[in-house]
Each structure stands twice: as C-alpha cells, then as structure tokens.
>>> print(open('coords.cif').read())   # mmCIF, N, CA and C atoms
data_input
#
loop_
_atom_site.label_atom_id
_atom_site.label_comp_id
_atom_site.auth_asym_id
_atom_site.auth_seq_id
_atom_site.Cartn_x
_atom_site.Cartn_y
_atom_site.Cartn_z
N MET P 1 -233.61 -53.46 89.44
CA MET P 1 -234.39 -54.68 89.55
C MET P 1 -235.80 -54.30 89.99
N GLY P 2 -236.42 -54.87 90.94
CA GLY P 2 -237.74 -54.44 91.37
C GLY P 2 -238.87 -55.27 90.79
N LYS P 3 -240.06 -54.65 90.80
CA LYS P 3 -241.29 -55.33 90.42
C LYS P 3 -241.28 -55.87 88.99
N HIS P 4 -240.68 -55.16 88.06
CA HIS P 4 -240.76 -55.52 86.65
C HIS P 4 -240.10 -56.87 86.33
N ASN P 5 -239.19 -57.31 87.16
CA ASN P 5 -238.51 -58.58 86.91
C ASN P 5 -239.21 -59.77 87.56
N LYS P 6 -240.25 -59.50 88.34
CA LYS P 6 -240.96 -60.59 89.02
C LYS P 6 -241.82 -61.35 88.00
N LEU P 7 -241.68 -62.67 87.98
CA LEU P 7 -242.42 -63.51 87.04
C LEU P 7 -243.83 -63.76 87.54
N LYS P 8 -244.77 -63.70 86.62
CA LYS P 8 -246.17 -63.94 86.98
C LYS P 8 -246.44 -65.44 86.92
N LYS P 9 -246.78 -66.02 88.05
CA LYS P 9 -247.07 -67.45 88.11
C LYS P 9 -248.40 -67.75 87.43
N LEU P 10 -248.44 -68.84 86.70
CA LEU P 10 -249.68 -69.30 86.09
C LEU P 10 -250.45 -70.12 87.12
N ASN P 11 -251.77 -69.96 87.13
CA ASN P 11 -252.55 -70.75 88.07
C ASN P 11 -252.93 -72.10 87.44
N ILE P 12 -253.54 -72.95 88.22
CA ILE P 12 -253.90 -74.30 87.75
C ILE P 12 -254.84 -74.24 86.56
N ALA P 13 -255.80 -73.34 86.57
CA ALA P 13 -256.74 -73.23 85.45
C ALA P 13 -256.02 -72.85 84.16
N GLN P 14 -255.03 -71.97 84.25
CA GLN P 14 -254.26 -71.58 83.06
C GLN P 14 -253.43 -72.76 82.55
N GLN P 15 -252.81 -73.50 83.47
CA GLN P 15 -252.03 -74.68 83.07
C GLN P 15 -252.94 -75.73 82.42
N LEU P 16 -254.09 -75.97 83.02
CA LEU P 16 -255.04 -76.95 82.50
C LEU P 16 -255.54 -76.55 81.11
N ALA P 17 -255.88 -75.28 80.94
CA ALA P 17 -256.35 -74.80 79.63
C ALA P 17 -255.28 -74.97 78.57
N SER P 18 -254.04 -74.70 78.92
CA SER P 18 -252.93 -74.86 77.98
C SER P 18 -252.74 -76.33 77.59
N LEU P 19 -252.84 -77.22 78.55
CA LEU P 19 -252.72 -78.66 78.27
C LEU P 19 -253.84 -79.14 77.35
N LYS P 20 -255.06 -78.71 77.65
CA LYS P 20 -256.21 -79.13 76.83
C LYS P 20 -256.09 -78.60 75.41
N ARG P 21 -255.52 -77.42 75.26
CA ARG P 21 -255.36 -76.81 73.94
C ARG P 21 -254.21 -77.46 73.16
N GLU P 22 -253.06 -77.66 73.81
CA GLU P 22 -251.86 -78.15 73.12
C GLU P 22 -251.77 -79.67 73.02
N TYR P 23 -252.36 -80.38 73.97
CA TYR P 23 -252.31 -81.84 74.00
C TYR P 23 -253.71 -82.41 74.24
N PRO P 24 -254.65 -82.14 73.31
CA PRO P 24 -256.05 -82.52 73.52
C PRO P 24 -256.31 -84.03 73.47
N SER P 25 -255.38 -84.80 72.94
CA SER P 25 -255.60 -86.25 72.85
C SER P 25 -255.46 -86.94 74.21
N GLY P 26 -254.83 -86.27 75.16
CA GLY P 26 -254.69 -86.85 76.49
C GLY P 26 -255.83 -86.43 77.39
N ALA P 27 -255.93 -87.09 78.52
CA ALA P 27 -256.95 -86.76 79.51
C ALA P 27 -256.31 -85.86 80.56
N SER P 28 -256.80 -84.63 80.66
CA SER P 28 -256.27 -83.71 81.67
C SER P 28 -257.39 -83.34 82.63
N LYS P 29 -257.03 -83.27 83.91
CA LYS P 29 -258.07 -82.98 84.92
C LYS P 29 -257.46 -82.45 86.20
N ILE P 30 -258.29 -81.80 86.98
CA ILE P 30 -257.89 -81.36 88.32
C ILE P 30 -258.02 -82.56 89.24
N ILE P 31 -256.97 -82.83 90.02
CA ILE P 31 -257.00 -84.00 90.90
C ILE P 31 -256.91 -83.63 92.39
N GLY P 32 -256.75 -82.37 92.69
CA GLY P 32 -256.67 -81.95 94.08
C GLY P 32 -256.60 -80.44 94.14
N ILE P 33 -256.44 -79.91 95.31
CA ILE P 33 -256.32 -78.47 95.46
C ILE P 33 -255.01 -78.04 94.81
N ASN P 34 -255.12 -77.20 93.79
CA ASN P 34 -253.95 -76.71 93.06
C ASN P 34 -253.11 -77.82 92.46
N GLU P 35 -253.77 -78.89 91.97
CA GLU P 35 -253.05 -80.02 91.39
C GLU P 35 -253.80 -80.54 90.17
N ILE P 36 -253.05 -80.81 89.11
CA ILE P 36 -253.62 -81.36 87.89
C ILE P 36 -252.82 -82.57 87.42
N ALA P 37 -253.47 -83.37 86.59
CA ALA P 37 -252.80 -84.52 85.98
C ALA P 37 -253.18 -84.58 84.51
N TRP P 38 -252.26 -85.05 83.71
CA TRP P 38 -252.50 -85.32 82.28
C TRP P 38 -251.99 -86.72 82.01
N GLN P 39 -252.75 -87.48 81.25
CA GLN P 39 -252.31 -88.82 80.87
C GLN P 39 -252.67 -89.04 79.41
N GLY P 40 -251.71 -89.51 78.66
CA GLY P 40 -251.94 -89.76 77.25
C GLY P 40 -250.69 -90.29 76.57
N GLU P 41 -250.78 -90.45 75.27
CA GLU P 41 -249.65 -90.98 74.51
C GLU P 41 -248.82 -89.86 73.93
N LEU P 42 -247.50 -90.04 74.04
CA LEU P 42 -246.54 -89.17 73.40
C LEU P 42 -245.57 -90.05 72.63
N LYS P 43 -244.95 -89.47 71.61
CA LYS P 43 -243.92 -90.20 70.88
C LYS P 43 -242.78 -89.25 70.58
N SER P 44 -241.60 -89.83 70.37
CA SER P 44 -240.39 -89.05 70.19
C SER P 44 -240.33 -88.35 68.84
N SER P 45 -240.98 -88.94 67.85
CA SER P 45 -240.95 -88.43 66.48
C SER P 45 -242.06 -89.14 65.71
N PRO P 46 -242.33 -88.72 64.49
CA PRO P 46 -243.38 -89.41 63.71
C PRO P 46 -243.12 -90.91 63.54
N ILE P 47 -241.86 -91.33 63.58
CA ILE P 47 -241.55 -92.76 63.43
C ILE P 47 -241.20 -93.43 64.76
N GLY P 48 -241.28 -92.67 65.85
CA GLY P 48 -240.96 -93.23 67.16
C GLY P 48 -242.08 -94.09 67.71
N ASP P 49 -241.77 -94.79 68.77
CA ASP P 49 -242.78 -95.61 69.45
C ASP P 49 -243.74 -94.73 70.24
N ASP P 50 -244.89 -95.30 70.58
CA ASP P 50 -245.86 -94.62 71.44
C ASP P 50 -245.56 -94.96 72.89
N TYR P 51 -245.68 -93.97 73.76
CA TYR P 51 -245.46 -94.16 75.19
C TYR P 51 -246.64 -93.58 75.94
N LEU P 52 -247.15 -94.32 76.90
CA LEU P 52 -248.21 -93.81 77.77
C LEU P 52 -247.53 -93.02 78.89
N VAL P 53 -247.84 -91.74 78.96
CA VAL P 53 -247.15 -90.82 79.86
C VAL P 53 -248.17 -90.21 80.82
N LYS P 54 -247.72 -90.00 82.05
CA LYS P 54 -248.54 -89.31 83.05
C LYS P 54 -247.72 -88.14 83.60
N VAL P 55 -248.34 -86.96 83.62
CA VAL P 55 -247.71 -85.77 84.18
C VAL P 55 -248.58 -85.31 85.34
N ILE P 56 -247.95 -85.09 86.47
CA ILE P 56 -248.65 -84.58 87.65
C ILE P 56 -247.98 -83.27 88.04
N TYR P 57 -248.80 -82.26 88.22
CA TYR P 57 -248.27 -80.95 88.60
C TYR P 57 -249.10 -80.39 89.75
N LYS P 58 -248.38 -79.98 90.78
CA LYS P 58 -248.99 -79.31 91.93
C LYS P 58 -248.26 -77.99 92.12
N VAL P 59 -249.02 -76.93 92.38
CA VAL P 59 -248.43 -75.62 92.59
C VAL P 59 -247.33 -75.70 93.65
N ASN P 60 -246.23 -75.04 93.40
CA ASN P 60 -245.06 -74.98 94.29
C ASN P 60 -244.27 -76.28 94.38
N VAL P 61 -244.55 -77.23 93.49
CA VAL P 61 -243.82 -78.50 93.45
C VAL P 61 -243.40 -78.74 92.00
N SER P 62 -242.21 -79.24 91.79
CA SER P 62 -241.76 -79.54 90.43
C SER P 62 -242.69 -80.56 89.77
N PRO P 63 -242.98 -80.39 88.49
CA PRO P 63 -243.82 -81.36 87.79
C PRO P 63 -243.16 -82.74 87.79
N LYS P 64 -243.98 -83.76 87.88
CA LYS P 64 -243.48 -85.14 87.86
C LYS P 64 -244.00 -85.82 86.60
N VAL P 65 -243.09 -86.49 85.88
CA VAL P 65 -243.43 -87.14 84.61
C VAL P 65 -243.06 -88.61 84.72
N TYR P 66 -244.03 -89.48 84.40
CA TYR P 66 -243.84 -90.92 84.48
C TYR P 66 -244.14 -91.56 83.13
N ILE P 67 -243.38 -92.58 82.78
CA ILE P 67 -243.71 -93.41 81.63
C ILE P 67 -244.47 -94.61 82.20
N LEU P 68 -245.76 -94.71 81.87
CA LEU P 68 -246.59 -95.80 82.40
C LEU P 68 -246.49 -97.06 81.54
N ALA P 69 -246.26 -96.88 80.25
CA ALA P 69 -246.13 -98.03 79.34
C ALA P 69 -245.30 -97.60 78.14
N PRO P 70 -244.42 -98.45 77.67
CA PRO P 70 -244.20 -99.79 78.19
C PRO P 70 -243.49 -99.75 79.54
N LYS P 71 -243.76 -100.77 80.32
CA LYS P 71 -243.13 -100.91 81.63
C LYS P 71 -242.73 -102.34 81.82
N PRO P 72 -241.47 -102.64 82.03
CA PRO P 72 -240.38 -101.67 82.11
C PRO P 72 -239.93 -101.22 80.72
N LEU P 73 -239.33 -100.03 80.70
CA LEU P 73 -238.72 -99.55 79.46
C LEU P 73 -237.54 -100.45 79.13
N ALA P 74 -237.29 -100.64 77.85
CA ALA P 74 -236.16 -101.46 77.40
C ALA P 74 -234.84 -100.78 77.78
N LEU P 75 -233.83 -101.58 77.93
CA LEU P 75 -232.49 -101.09 78.22
C LEU P 75 -231.53 -101.55 77.13
N PRO P 76 -230.46 -100.80 76.90
CA PRO P 76 -229.45 -101.29 75.96
C PRO P 76 -228.81 -102.58 76.49
N LYS P 77 -228.28 -103.36 75.61
CA LYS P 77 -227.64 -104.62 75.99
C LYS P 77 -226.54 -104.35 77.02
N GLY P 78 -226.59 -105.10 78.12
CA GLY P 78 -225.58 -104.98 79.17
C GLY P 78 -225.81 -103.86 80.17
N VAL P 79 -226.85 -103.07 79.98
CA VAL P 79 -227.14 -101.96 80.90
C VAL P 79 -228.24 -102.39 81.86
N LYS P 80 -228.09 -102.03 83.13
CA LYS P 80 -229.04 -102.48 84.14
C LYS P 80 -229.98 -101.38 84.66
N LYS P 81 -229.68 -100.10 84.33
CA LYS P 81 -230.49 -99.01 84.85
C LYS P 81 -230.79 -97.98 83.76
N LEU P 82 -231.96 -97.36 83.87
CA LEU P 82 -232.33 -96.27 82.97
C LEU P 82 -231.46 -95.05 83.23
N GLU P 83 -231.22 -94.28 82.19
CA GLU P 83 -230.52 -93.00 82.31
C GLU P 83 -231.54 -91.91 82.61
N HIS P 84 -231.12 -90.93 83.37
CA HIS P 84 -231.88 -89.71 83.63
C HIS P 84 -233.31 -89.95 84.09
N VAL P 85 -233.41 -90.70 85.18
CA VAL P 85 -234.69 -90.88 85.86
C VAL P 85 -234.48 -90.64 87.35
N TYR P 86 -235.53 -90.21 88.01
CA TYR P 86 -235.49 -90.05 89.47
C TYR P 86 -235.84 -91.37 90.16
N ASP P 87 -236.62 -92.20 89.49
CA ASP P 87 -237.09 -93.44 90.08
C ASP P 87 -237.12 -94.52 89.00
N GLN P 88 -236.31 -95.56 89.16
CA GLN P 88 -236.22 -96.64 88.17
C GLN P 88 -237.54 -97.40 88.05
N LYS P 89 -238.12 -97.78 89.18
CA LYS P 89 -239.32 -98.61 89.16
C LYS P 89 -240.53 -97.84 88.63
N LYS P 90 -240.70 -96.60 89.11
CA LYS P 90 -241.84 -95.79 88.67
C LYS P 90 -241.58 -95.12 87.33
N GLN P 91 -240.34 -95.20 86.84
CA GLN P 91 -239.96 -94.60 85.56
C GLN P 91 -240.29 -93.11 85.54
N ARG P 92 -239.91 -92.43 86.64
CA ARG P 92 -240.10 -90.97 86.72
C ARG P 92 -238.90 -90.28 86.07
N LEU P 93 -239.18 -89.52 85.04
CA LEU P 93 -238.13 -88.93 84.22
C LEU P 93 -237.47 -87.72 84.88
N CYS P 94 -236.19 -87.58 84.61
CA CYS P 94 -235.42 -86.39 84.98
C CYS P 94 -235.29 -85.57 83.69
N LEU P 95 -236.01 -84.46 83.64
CA LEU P 95 -236.07 -83.65 82.41
C LEU P 95 -235.24 -82.38 82.47
N TYR P 96 -234.95 -81.91 83.66
CA TYR P 96 -234.18 -80.68 83.82
C TYR P 96 -233.56 -80.67 85.21
N TYR P 97 -232.59 -79.81 85.38
CA TYR P 97 -231.89 -79.69 86.66
C TYR P 97 -232.55 -78.57 87.46
N PRO P 98 -233.33 -78.90 88.50
CA PRO P 98 -234.10 -77.88 89.23
C PRO P 98 -233.27 -76.69 89.72
N LYS P 99 -232.04 -76.94 90.16
CA LYS P 99 -231.22 -75.84 90.69
C LYS P 99 -230.81 -74.85 89.60
N ALA P 100 -230.89 -75.26 88.35
CA ALA P 100 -230.57 -74.35 87.24
C ALA P 100 -231.76 -73.46 86.90
N LYS P 101 -232.89 -73.72 87.53
CA LYS P 101 -234.11 -72.90 87.36
C LYS P 101 -234.54 -72.82 85.90
N GLU P 102 -234.47 -73.95 85.19
CA GLU P 102 -234.89 -74.00 83.79
C GLU P 102 -236.42 -73.97 83.67
N TRP P 103 -237.10 -74.40 84.73
CA TRP P 103 -238.55 -74.39 84.73
C TRP P 103 -239.03 -73.62 85.95
N ASN P 104 -240.08 -72.83 85.77
CA ASN P 104 -240.73 -72.16 86.90
C ASN P 104 -242.21 -72.01 86.58
N GLU P 105 -242.97 -71.57 87.54
CA GLU P 105 -244.43 -71.54 87.43
C GLU P 105 -244.98 -70.44 86.53
N SER P 106 -244.08 -69.68 85.90
CA SER P 106 -244.54 -68.70 84.91
C SER P 106 -244.60 -69.34 83.51
N LYS P 107 -244.10 -70.56 83.40
CA LYS P 107 -244.06 -71.27 82.12
C LYS P 107 -245.14 -72.34 82.07
N THR P 108 -245.71 -72.56 80.89
CA THR P 108 -246.71 -73.61 80.79
C THR P 108 -246.03 -74.97 80.71
N LEU P 109 -246.70 -75.95 81.26
CA LEU P 109 -246.23 -77.33 81.13
C LEU P 109 -246.19 -77.72 79.66
N ALA P 110 -247.19 -77.27 78.90
CA ALA P 110 -247.31 -77.62 77.49
C ALA P 110 -246.15 -77.10 76.65
N SER P 111 -245.54 -75.99 77.04
CA SER P 111 -244.45 -75.42 76.25
C SER P 111 -243.06 -75.79 76.78
N THR P 112 -243.00 -76.49 77.90
CA THR P 112 -241.70 -76.85 78.48
C THR P 112 -241.64 -78.34 78.80
N ILE P 113 -242.36 -78.76 79.80
CA ILE P 113 -242.28 -80.14 80.29
C ILE P 113 -242.64 -81.14 79.20
N PHE P 114 -243.65 -80.85 78.40
CA PHE P 114 -244.05 -81.80 77.34
C PHE P 114 -243.00 -81.90 76.23
N PRO P 115 -242.52 -80.79 75.68
CA PRO P 115 -241.44 -80.92 74.69
C PRO P 115 -240.18 -81.57 75.28
N TRP P 116 -239.89 -81.29 76.54
CA TRP P 116 -238.73 -81.92 77.17
C TRP P 116 -238.93 -83.42 77.32
N THR P 117 -240.17 -83.84 77.58
CA THR P 117 -240.48 -85.28 77.67
C THR P 117 -240.30 -85.93 76.30
N ILE P 118 -240.78 -85.28 75.26
CA ILE P 118 -240.62 -85.80 73.91
C ILE P 118 -239.13 -85.89 73.56
N GLU P 119 -238.37 -84.88 73.94
CA GLU P 119 -236.93 -84.91 73.69
C GLU P 119 -236.26 -86.04 74.48
N TRP P 120 -236.68 -86.24 75.73
CA TRP P 120 -236.14 -87.34 76.53
C TRP P 120 -236.41 -88.67 75.82
N LEU P 121 -237.64 -88.86 75.32
CA LEU P 121 -237.99 -90.10 74.61
C LEU P 121 -237.12 -90.29 73.37
N TYR P 122 -236.85 -89.22 72.65
CA TYR P 122 -235.99 -89.27 71.47
C TYR P 122 -234.60 -89.78 71.86
N HIS P 123 -234.01 -89.17 72.89
CA HIS P 123 -232.68 -89.60 73.33
C HIS P 123 -232.70 -91.00 73.93
N TYR P 124 -233.79 -91.34 74.59
CA TYR P 124 -233.95 -92.69 75.14
C TYR P 124 -233.89 -93.72 74.01
N GLU P 125 -234.63 -93.49 72.93
CA GLU P 125 -234.66 -94.46 71.82
C GLU P 125 -233.28 -94.62 71.17
N ILE P 126 -232.54 -93.53 71.05
CA ILE P 126 -231.17 -93.62 70.51
C ILE P 126 -230.29 -94.39 71.50
N TRP P 127 -230.44 -94.11 72.78
CA TRP P 127 -229.65 -94.78 73.82
C TRP P 127 -229.87 -96.29 73.81
N VAL P 128 -231.14 -96.71 73.64
CA VAL P 128 -231.43 -98.15 73.60
C VAL P 128 -230.66 -98.83 72.46
N ILE P 129 -230.54 -98.13 71.34
CA ILE P 129 -229.84 -98.70 70.17
C ILE P 129 -228.33 -98.64 70.33
N THR P 130 -227.81 -97.49 70.78
CA THR P 130 -226.35 -97.27 70.79
C THR P 130 -225.69 -97.58 72.13
N GLY P 131 -226.46 -97.52 73.22
CA GLY P 131 -225.88 -97.70 74.55
C GLY P 131 -225.21 -96.44 75.08
N LYS P 132 -225.28 -95.33 74.33
CA LYS P 132 -224.67 -94.07 74.76
C LYS P 132 -225.75 -92.99 74.86
N TRP P 133 -225.86 -92.38 76.05
CA TRP P 133 -226.84 -91.31 76.26
C TRP P 133 -226.28 -90.03 75.65
N GLU P 134 -227.00 -89.49 74.66
CA GLU P 134 -226.57 -88.28 73.97
C GLU P 134 -227.41 -87.07 74.36
N GLY P 135 -228.27 -87.24 75.34
CA GLY P 135 -229.21 -86.19 75.70
C GLY P 135 -228.67 -85.11 76.61
N GLY P 136 -227.40 -85.21 77.00
CA GLY P 136 -226.86 -84.21 77.90
C GLY P 136 -227.49 -84.30 79.27
N GLY P 137 -227.32 -83.26 80.05
CA GLY P 137 -227.91 -83.24 81.38
C GLY P 137 -226.88 -83.35 82.47
N ILE P 138 -227.37 -83.29 83.67
CA ILE P 138 -226.53 -83.36 84.86
C ILE P 138 -226.98 -84.56 85.67
N HIS P 139 -226.03 -85.40 86.03
CA HIS P 139 -226.36 -86.55 86.87
C HIS P 139 -226.62 -86.08 88.30
N LEU P 140 -227.59 -86.69 88.95
CA LEU P 140 -227.93 -86.31 90.31
C LEU P 140 -226.80 -86.58 91.30
N ASN P 141 -225.99 -87.61 91.03
CA ASN P 141 -224.94 -87.99 91.98
C ASN P 141 -223.61 -87.28 91.72
N SER P 142 -223.60 -86.35 90.78
CA SER P 142 -222.39 -85.57 90.53
C SER P 142 -222.80 -84.22 89.96
N ILE P 143 -221.84 -83.36 89.81
CA ILE P 143 -222.14 -82.08 89.19
C ILE P 143 -221.45 -81.96 87.83
N LYS P 144 -221.01 -83.06 87.31
CA LYS P 144 -220.43 -83.07 85.97
C LYS P 144 -221.56 -83.13 84.95
N THR P 145 -221.43 -82.41 83.87
CA THR P 145 -222.42 -82.50 82.81
C THR P 145 -222.06 -83.67 81.92
N VAL P 146 -223.08 -84.27 81.38
CA VAL P 146 -222.88 -85.40 80.47
C VAL P 146 -222.65 -84.82 79.09
N SER P 147 -221.60 -85.28 78.44
CA SER P 147 -221.32 -84.76 77.10
C SER P 147 -221.54 -85.80 76.04
#
>>> encode(input="coords.cif", output="structure tokens")
Amino acid sequence: MGKHNKLKKLNIAQQLASLKREYPSGASKIIGINEIAWQGELKSSPIGDDYLVKVIYKVNVSPKVYILAPKPLALPKGVKKLEHVYDQKKQRLCLYYPKAKEWNESKTLASTIFPWTIEWLYHYEIWVITGKWEGGGIHLNSIKTVS
C-alpha cells in the first residue's frame, strides 16, 4: 500500500473549472472559503422535463444537491413523500450512500454528482408515472438495498 494509493484531492478552483467546462449553461461561483455553488437547469433526457437545480460543495463536506423548481416535485398518486431525498421540504437529493465511499474529493462534481443527479431525475420521472422507484439505492432508515 503506501503513498501510491493515496488519492489526490481536487481543490475548489479545479472543481469550479470542471463545472464551467462541462455545465456552462449554469451559473457557477465561489460562495465562501473552499465552497462553490452551481445553479442551472438539468433534465433527465432529451424528452424529460427541465428542473432548476442547485449544487453546493464545500471541501471536506459531501456535496448537497437541491431541486429548486418545480417545487414541490410531483408525487405518484397516493404517495405522500419523495423517494431518496435527505430533506422533503428542501428537496435535497440522496444520490449515493456516503459510507460506501462512491464519491470522494479526487472526483469532479461534473463527472459524478451531475450525472447522478440526471439519473435521479430519470428515475424520479418513471416513479411519478409508475409509483415504483427503480433507481436502486439504500434507504437511510435501513440497510436493505432497494431492488
């Protein structure tokens, strides 16, 4: 093991440059010491709806992704709560299981968090129609995987 396995963390400037390059239609900016935000429209597919999304990332803290519009997000008939969110009211998405270490600071937000957000939106749109979440994942209140 040793030094060669240590991951090189990306700094805020590198993350910001990647966002501006990969998602130039959104507004990305530094909002604090070692903290950036991106806000713009994403969609699940070429025929999917548009969603106003905000991503906030601070060094040493998991990225936070919010759906700002539409608000509230639609729910399937008879369902009272969104699937795979950390916060129902703020519509903060649950995109990965932090303990599984799927994301770390050596990865760009543009190559991980953004595609995962788009994938979440894709599964969300199917869920609204069918009432069944097909996006997989781990529920926060259990350790069972969703199949």
>>> closest_residue(input="coords.cif", among="P:Gln14, P:Thr130, P:Gln91, P:Gln39", to="Gly26 of chain P", atoms="only C-alpha atoms")
P:Gln39
>>> resolve_selection(input="coords.cif", expression="the PyMOL selection byres ((chain P and resi 56) around 6)", output="list in words")
Ile36, Ala37, Trp38, Lys54, Val55, Tyr57, Lys58, Pro63, Lys64 and Val65 of chain P
>>> closest_residue(input="coords.cif", among="P:Tyr124, P:Lys80, P:Gly137, P:Gly48", to="Tyr97 of chain P", atoms="only C-alpha atoms")
P:Gly137
>>> select_by_dssp(input="coords.cif", residues="segment 1-137 of chain P", states="alpha helix (DSSP H)", output="VMD selection string")
chain P and resid 12 to 22 113 to 130
>>> atom_distance(input="coords.cif", atom1="atom CA of Gly135 of chain P", atom2="atom N of His123 of chain P")
6.3 Å
>>> atom_distance(input="coords.cif", atom1="atom CA of Asn104 of chain P", atom2="atom CA of Lys9 of chain P")
8.0 Å
>>> atom_distance(input="coords.cif", atom1="atom CA of Leu109 of chain P", atom2="atom CA of Leu19 of chain P")
7.2 Å
>>> residues_around(input="coords.cif", residues="Leu68 of chain P", least_positions_apart="6", cutoff="6.5 Å", atoms="all atoms listed in the file", output="PyMOL selection string")
chain P and resi 51-54
>>> residues_around(input="coords.cif", residues="segment 71-76 of chain P", least_positions_apart="2", cutoff="6 Å", atoms="all atoms listed in the file", output="ChimeraX atom specification")
/P:68-69,78-79,127-129,131
>>> closest_residue(input="coords.cif", among="P:Leu42, P:Ile138, P:Ala27, P:Val61", to="His84 of chain P", atoms="only N, CA and C atoms")
P:Ile138
>>> select_by_dssp(input="coords.cif", residues="segment 26-128 of chain P", states="strand (DSSP E)", output="ChimeraX atom specification")
/P:27-32,35-43,50-58,64-69,85-87,92-93
>>> decode(input="coords.cif", residues="segment 35-52 of chain P", atoms="N, CA and C atoms", output="CSV table (one decimal), in the first residue's frame")
chain,number,residue,atom,x,y,z
P,35,GLU,N,-15.6,26.9,-0.9
P,35,GLU,CA,-17.0,26.5,-1.2
P,35,GLU,C,-17.5,27.1,-2.5
P,36,ILE,N,-18.2,26.3,-3.3
P,36,ILE,CA,-18.7,26.7,-4.6
P,36,ILE,C,-20.2,26.3,-4.7
P,37,ALA,N,-20.8,27.0,-5.6
P,37,ALA,CA,-22.2,26.7,-5.9
P,37,ALA,C,-22.4,26.7,-7.4
P,38,TRP,N,-23.3,25.9,-7.9
P,38,TRP,CA,-23.7,25.9,-9.3
P,38,TRP,C,-25.2,25.9,-9.3
P,39,GLN,N,-25.8,26.7,-10.2
P,39,GLN,CA,-27.3,26.7,-10.3
P,39,GLN,C,-27.6,26.7,-11.8
P,40,GLY,N,-28.5,25.9,-12.2
P,40,GLY,CA,-28.9,25.9,-13.6
P,40,GLY,C,-29.9,24.8,-13.8
P,41,GLU,N,-30.3,24.6,-15.1
P,41,GLU,CA,-31.3,23.6,-15.5
P,41,GLU,C,-30.6,22.3,-15.9
P,42,LEU,N,-31.2,21.2,-15.4
P,42,LEU,CA,-30.8,19.9,-15.8
P,42,LEU,C,-32.1,19.2,-16.2
P,43,LYS,N,-32.0,18.2,-17.1
P,43,LYS,CA,-33.1,17.3,-17.5
P,43,LYS,C,-32.6,15.9,-17.5
P,44,SER,N,-33.6,15.0,-17.3
P,44,SER,CA,-33.3,13.6,-17.2
P,44,SER,C,-32.9,13.0,-18.6
P,45,SER,N,-33.4,13.5,-19.7
P,45,SER,CA,-33.2,13.0,-21.0
P,45,SER,C,-33.6,14.1,-22.0
P,46,PRO,N,-33.4,13.9,-23.3
P,46,PRO,CA,-33.8,15.0,-24.2
P,46,PRO,C,-35.3,15.2,-24.2
P,47,ILE,N,-36.1,14.2,-23.8
P,47,ILE,CA,-37.6,14.5,-23.7
P,47,ILE,C,-38.1,14.7,-22.3
P,48,GLY,N,-37.2,14.7,-21.3
P,48,GLY,CA,-37.5,14.9,-19.9
P,48,GLY,C,-37.9,16.4,-19.7
P,49,ASP,N,-38.4,16.6,-18.5
P,49,ASP,CA,-38.7,18.0,-18.0
P,49,ASP,C,-37.5,18.7,-17.6
P,50,ASP,N,-37.6,20.0,-17.6
P,50,ASP,CA,-36.5,20.8,-17.1
P,50,ASP,C,-36.6,21.0,-15.6
P,51,TYR,N,-35.5,21.0,-14.8
P,51,TYR,CA,-35.5,21.1,-13.4
P,51,TYR,C,-34.4,22.2,-13.1
P,52,LEU,N,-34.8,23.1,-12.2
P,52,LEU,CA,-33.8,24.1,-11.7
P,52,LEU,C,-33.1,23.4,-10.5
